[in-house]
Amino acid sequence: MKRFLSLLLVIGLLTGCQAVKVNSSPSNEVKNNLRVTFLNVGQGDAILIQTPDNQKYLVDGGPDNTILNKLGEQLSFWDKSLAGIILTHPHADHVGGLPAVLARYSVAQLWLYPAVHTAPDYLAFLAAAKEKKINTAAIFAGQNLALGGGVNLQILWPPADNKDNPAWSKFSDLNSQSVVGRLTFGQTAILLMGDAPQEVEQELLKATTTDLTARVLKVGHHGSKYSSSPEFLAAVKPDWAVISVGANNSFGHPHFRTLYNLQQVSAKILRTDQAGDIEIVSDGQKVWSN
């Protein structure tokens, strides 16, 4: 019954919504700086994107209401609006804090892959989005979200035609359906892997027309041993590797194998369990961490 309810909520959100704002090619406009903050929400993911024209987007919301404190620290106390929320996948450590965000903030747009899942946090998020009549759109590989100020999010995964894809049967778990996006601004890129495992990395490597290079890599699946293969990292060539992970977590994240692989490509490793919130800044030409 819960699975059926999840499907109905997703369909209800997506039906009649406006098309995703898409550009055929990224804008060359470069103004001021792009700021991307990987918020320390414990064992989970939450990323705040602030474009040069002050549009604010949230990618995932962490496991609980910690996200409200983090947004309060990052945004002015009177600022209770977000241009959009992007949900990579409906696991609790990514969606758990989003119902509280919808209750506190005005959100103009929601993007998600229409996964079917029965977890209470996910159902609560879908129900809240429907109640607030938030414009909602499905995202798939090949789309480009124009976020404003010359910032674009190129969606690399999952494919839209998954039902006809013979390889899709091995991607039935939610991590393998995680949205992967390449955030670009000027000549710089940040690759956001969500919880995508090595099986997804291999599919991305097969897509020879897909540019995976990125100055910054948000390491997949909190640095677990199931992500960040040597072949994939060699293609990305990251200068910085950000791992969103909780201190002393029970999963053993990040795994020593992943840390070793990152060291082999000379990536500077930044971890939220050690550094707290991690802010990456780009002026369109260079990238640095504050």
# chains A, B, ... in the order shown; residues from 1 in each chain; ligands from 1
call {"tool": "select_by_dssp", "arguments": {"residues": "stretch 33-258 of chain A", "states": "alpha helix (DSSP H)", "output": "PyMOL selection string"}}
result
chain A and resi 66-74+92-95+98-104+120-131+198-206+230-236+256-258
call {"tool": "select_by_dssp", "arguments": {"residues": "stretch 53-181 of chain A", "states": "strand (DSSP E)", "output": "MDAnalysis selection string"}}
result
chainID A and resid 56:59 81:82 84:87 106:107 109:112 135:138 144:148 151:157 180:181
call {"tool": "write_last_selection", "arguments": {"atoms": "N, CA and C atoms", "output": "mmCIF file, in the first residue's frame"}}
result
data_model
loop_
_atom_site.group_PDB
_atom_site.id
_atom_site.type_symbol
_atom_site.label_atom_id
_atom_site.label_comp_id
_atom_site.auth_asym_id
_atom_site.auth_seq_id
_atom_site.Cartn_x
_atom_site.Cartn_y
_atom_site.Cartn_z
ATOM 1 N N LYS A 56 19.482 30.545 -4.955
ATOM 2 C CA LYS A 56 19.908 29.552 -3.974
ATOM 3 C C LYS A 56 19.190 28.227 -4.211
ATOM 4 N N TYR A 57 19.985 27.160 -4.283
ATOM 5 C CA TYR A 57 19.459 25.824 -4.526
ATOM 6 C C TYR A 57 20.010 24.868 -3.479
ATOM 7 N N LEU A 58 19.191 23.915 -3.093
ATOM 8 C CA LEU A 58 19.599 22.896 -2.131
ATOM 9 C C LEU A 58 19.575 21.533 -2.805
ATOM 10 N N VAL A 59 20.700 20.837 -2.756
ATOM 11 C CA VAL A 59 20.768 19.464 -3.250
ATOM 12 C C VAL A 59 20.750 18.536 -2.035
ATOM 13 N N SER A 81 13.606 31.759 1.330
ATOM 14 C CA SER A 81 13.208 31.281 0.015
ATOM 15 C C SER A 81 14.362 30.552 -0.653
ATOM 16 N N LEU A 82 14.022 29.531 -1.424
ATOM 17 C CA LEU A 82 14.984 28.782 -2.227
ATOM 18 C C LEU A 82 14.463 28.724 -3.654
ATOM 19 N N GLY A 84 15.225 26.447 -5.721
ATOM 20 C CA GLY A 84 14.905 25.069 -6.053
ATOM 21 C C GLY A 84 15.555 24.081 -5.115
ATOM 22 N N ILE A 85 14.997 22.882 -5.103
ATOM 23 C CA ILE A 85 15.560 21.735 -4.386
ATOM 24 C C ILE A 85 15.740 20.609 -5.388
ATOM 25 N N ILE A 86 16.888 19.967 -5.327
ATOM 26 C CA ILE A 86 17.169 18.800 -6.155
ATOM 27 C C ILE A 86 17.369 17.615 -5.225
ATOM 28 N N LEU A 87 16.537 16.611 -5.355
ATOM 29 C CA LEU A 87 16.672 15.386 -4.553
ATOM 30 C C LEU A 87 17.360 14.333 -5.406
ATOM 31 N N SER A 106 10.073 28.901 1.450
ATOM 32 C CA SER A 106 9.328 28.932 0.198
ATOM 33 C C SER A 106 10.240 28.402 -0.904
ATOM 34 N N VAL A 107 9.790 27.384 -1.618
ATOM 35 C CA VAL A 107 10.599 26.726 -2.644
ATOM 36 C C VAL A 107 9.885 26.864 -3.984
ATOM 37 N N GLN A 109 10.875 25.539 -7.047
ATOM 38 C CA GLN A 109 10.979 24.423 -7.991
ATOM 39 C C GLN A 109 11.566 23.207 -7.296
ATOM 40 N N LEU A 110 11.061 22.036 -7.666
ATOM 41 C CA LEU A 110 11.601 20.773 -7.171
ATOM 42 C C LEU A 110 11.938 19.893 -8.360
ATOM 43 N N TRP A 111 13.152 19.315 -8.337
ATOM 44 C CA TRP A 111 13.568 18.352 -9.341
ATOM 45 C C TRP A 111 13.915 17.034 -8.659
ATOM 46 N N LEU A 112 13.507 15.929 -9.260
ATOM 47 C CA LEU A 112 13.844 14.626 -8.711
ATOM 48 C C LEU A 112 13.698 13.561 -9.778
ATOM 49 N N ASN A 135 6.037 23.456 -8.011
ATOM 50 C CA ASN A 135 6.269 22.974 -9.360
ATOM 51 C C ASN A 135 7.358 21.908 -9.330
ATOM 52 N N THR A 136 7.045 20.735 -9.865
ATOM 53 C CA THR A 136 7.931 19.585 -9.755
ATOM 54 C C THR A 136 8.179 18.975 -11.126
ATOM 55 N N ALA A 137 9.424 18.620 -11.380
ATOM 56 C CA ALA A 137 9.774 18.041 -12.674
ATOM 57 C C ALA A 137 10.739 16.886 -12.477
ATOM 58 N N ALA A 138 10.613 15.876 -13.329
ATOM 59 C CA ALA A 138 11.544 14.752 -13.334
ATOM 60 C C ALA A 138 12.800 15.148 -14.092
ATOM 61 N N ASN A 144 19.813 19.846 -19.054
ATOM 62 C CA ASN A 144 20.683 20.886 -18.514
ATOM 63 C C ASN A 144 19.821 21.903 -17.784
ATOM 64 N N LEU A 145 20.023 22.019 -16.491
ATOM 65 C CA LEU A 145 19.254 22.960 -15.689
ATOM 66 C C LEU A 145 20.007 24.280 -15.610
ATOM 67 N N ALA A 146 19.404 25.342 -16.123
ATOM 68 C CA ALA A 146 20.004 26.677 -16.041
ATOM 69 C C ALA A 146 19.643 27.274 -14.688
ATOM 70 N N LEU A 147 20.624 27.373 -13.801
ATOM 71 C CA LEU A 147 20.363 27.817 -12.435
ATOM 72 C C LEU A 147 20.487 29.314 -12.255
ATOM 73 N N GLY A 148 21.026 30.001 -13.276
ATOM 74 C CA GLY A 148 21.157 31.453 -13.199
ATOM 75 C C GLY A 148 22.596 31.886 -13.035
ATOM 76 N N VAL A 151 25.468 29.654 -14.308
ATOM 77 C CA VAL A 151 25.676 28.344 -13.674
ATOM 78 C C VAL A 151 24.680 27.348 -14.248
ATOM 79 N N ASN A 152 25.180 26.178 -14.619
ATOM 80 C CA ASN A 152 24.333 25.126 -15.180
ATOM 81 C C ASN A 152 24.604 23.802 -14.496
ATOM 82 N N LEU A 153 23.571 23.013 -14.366
ATOM 83 C CA LEU A 153 23.716 21.660 -13.835
ATOM 84 C C LEU A 153 23.357 20.686 -14.943
ATOM 85 N N GLN A 154 24.377 20.024 -15.473
ATOM 86 C CA GLN A 154 24.186 19.040 -16.530
ATOM 87 C C GLN A 154 23.902 17.679 -15.894
ATOM 88 N N ILE A 155 22.753 17.105 -16.178
ATOM 89 C CA ILE A 155 22.369 15.829 -15.588
ATOM 90 C C ILE A 155 22.997 14.693 -16.401
ATOM 91 N N LEU A 156 23.792 13.870 -15.730
ATOM 92 C CA LEU A 156 24.502 12.781 -16.389
ATOM 93 C C LEU A 156 23.872 11.412 -16.140
ATOM 94 N N TRP A 157 23.076 11.289 -15.088
ATOM 95 C CA TRP A 157 22.478 10.013 -14.707
ATOM 96 C C TRP A 157 21.292 10.290 -13.803
ATOM 97 N N VAL A 180 23.119 12.091 -10.827
ATOM 98 C CA VAL A 180 24.498 12.571 -10.940
ATOM 99 C C VAL A 180 24.476 13.830 -11.795
ATOM 100 N N GLY A 181 25.095 14.901 -11.308
ATOM 101 C CA GLY A 181 25.089 16.161 -12.043
ATOM 102 C C GLY A 181 26.456 16.807 -12.081
#
call {"tool": "closest_residue", "arguments": {"among": "A:Pro159, A:Pro230, A:Gly72, A:Gly142", "to": "A:Gln177", "atoms": "only C-alpha atoms"}}
result
A:Pro159
call {"tool": "atom_distance", "arguments": {"atom1": "atom CA of A:Asn33", "atom2": "atom CA of A:Ile139"}}
result
25.9 Å
call {"tool": "atom_distance", "arguments": {"atom1": "atom CA of A:Gln263", "atom2": "atom CA of A:Trp240"}}
result
10.5 Å
call {"tool": "closest_residue", "arguments": {"among": "A:Ala141, A:Ala92, A:Val265, A:Leu174", "to": "A:Val116", "atoms": "only C-alpha atoms"}}
result
A:Leu174
call {"tool": "closest_residue", "arguments": {"among": "A:Leu71, A:Ala128, A:Leu34, A:Leu39", "to": "A:Asp273", "atoms": "only C-alpha atoms"}}
result
A:Leu39
call {"tool": "closest_residue", "arguments": {"among": "A:Ile49, A:Val216, A:Ala100, A:Val95", "to": "A:Asn69", "atoms": "only C-alpha atoms"}}
result
A:Ala100
call {"tool": "atom_distance", "arguments": {"atom1": "atom CA of A:Asn32", "atom2": "atom CA of A:Gly284"}}
result
8.5 Å
call {"tool": "closest_residue", "arguments": {"among": "A:Leu102, A:Asp79, A:Phe251, A:Thr66", "to": "A:Glu131", "atoms": "only C-alpha atoms"}}
result
A:Leu102
call {"tool": "decode", "arguments": {"residues": "stretch 175-208 of chain A", "atoms": "C-alpha atoms", "output": "tab-separated table (two decimals), in the first residue's frame"}}
result
chain	number	residue	atom	x	y	z
A	175	ASN	CA	21.79	4.27	-4.91
A	176	SER	CA	22.13	3.23	-8.55
A	177	GLN	CA	19.22	5.51	-9.42
A	178	SER	CA	20.90	8.47	-7.72
A	179	VAL	CA	20.99	11.66	-9.77
A	180	VAL	CA	24.50	12.57	-10.94
A	181	GLY	CA	25.09	16.16	-12.04
A	182	ARG	CA	28.02	18.21	-13.36
A	183	LEU	CA	27.76	21.77	-12.07
A	184	THR	CA	29.51	24.16	-14.45
A	185	PHE	CA	30.44	27.83	-14.22
A	186	GLY	CA	32.72	29.34	-16.81
A	187	GLN	CA	35.69	27.01	-17.24
A	188	THR	CA	35.16	25.21	-13.92
A	189	ALA	CA	33.11	22.16	-12.98
A	190	ILE	CA	31.98	20.35	-9.83
A	191	LEU	CA	30.83	16.75	-10.20
A	192	LEU	CA	28.06	15.77	-7.78
A	193	MET	CA	27.84	11.98	-7.49
A	194	GLY	CA	25.09	11.54	-4.91
A	195	ASP	CA	25.33	7.92	-3.75
A	196	ALA	CA	26.14	6.50	-7.19
A	197	PRO	CA	28.20	3.28	-6.94
A	198	GLN	CA	30.91	1.94	-9.25
A	199	GLU	CA	28.34	0.32	-11.56
A	200	VAL	CA	27.07	3.79	-12.43
A	201	GLU	CA	30.62	5.07	-12.77
A	202	GLN	CA	31.27	2.37	-15.36
A	203	GLU	CA	28.18	3.38	-17.33
A	204	LEU	CA	29.30	7.01	-17.29
A	205	LEU	CA	32.73	5.97	-18.56
A	206	LYS	CA	31.08	4.14	-21.47
A	207	ALA	CA	29.38	7.36	-22.58
A	208	THR	CA	32.34	8.62	-24.59
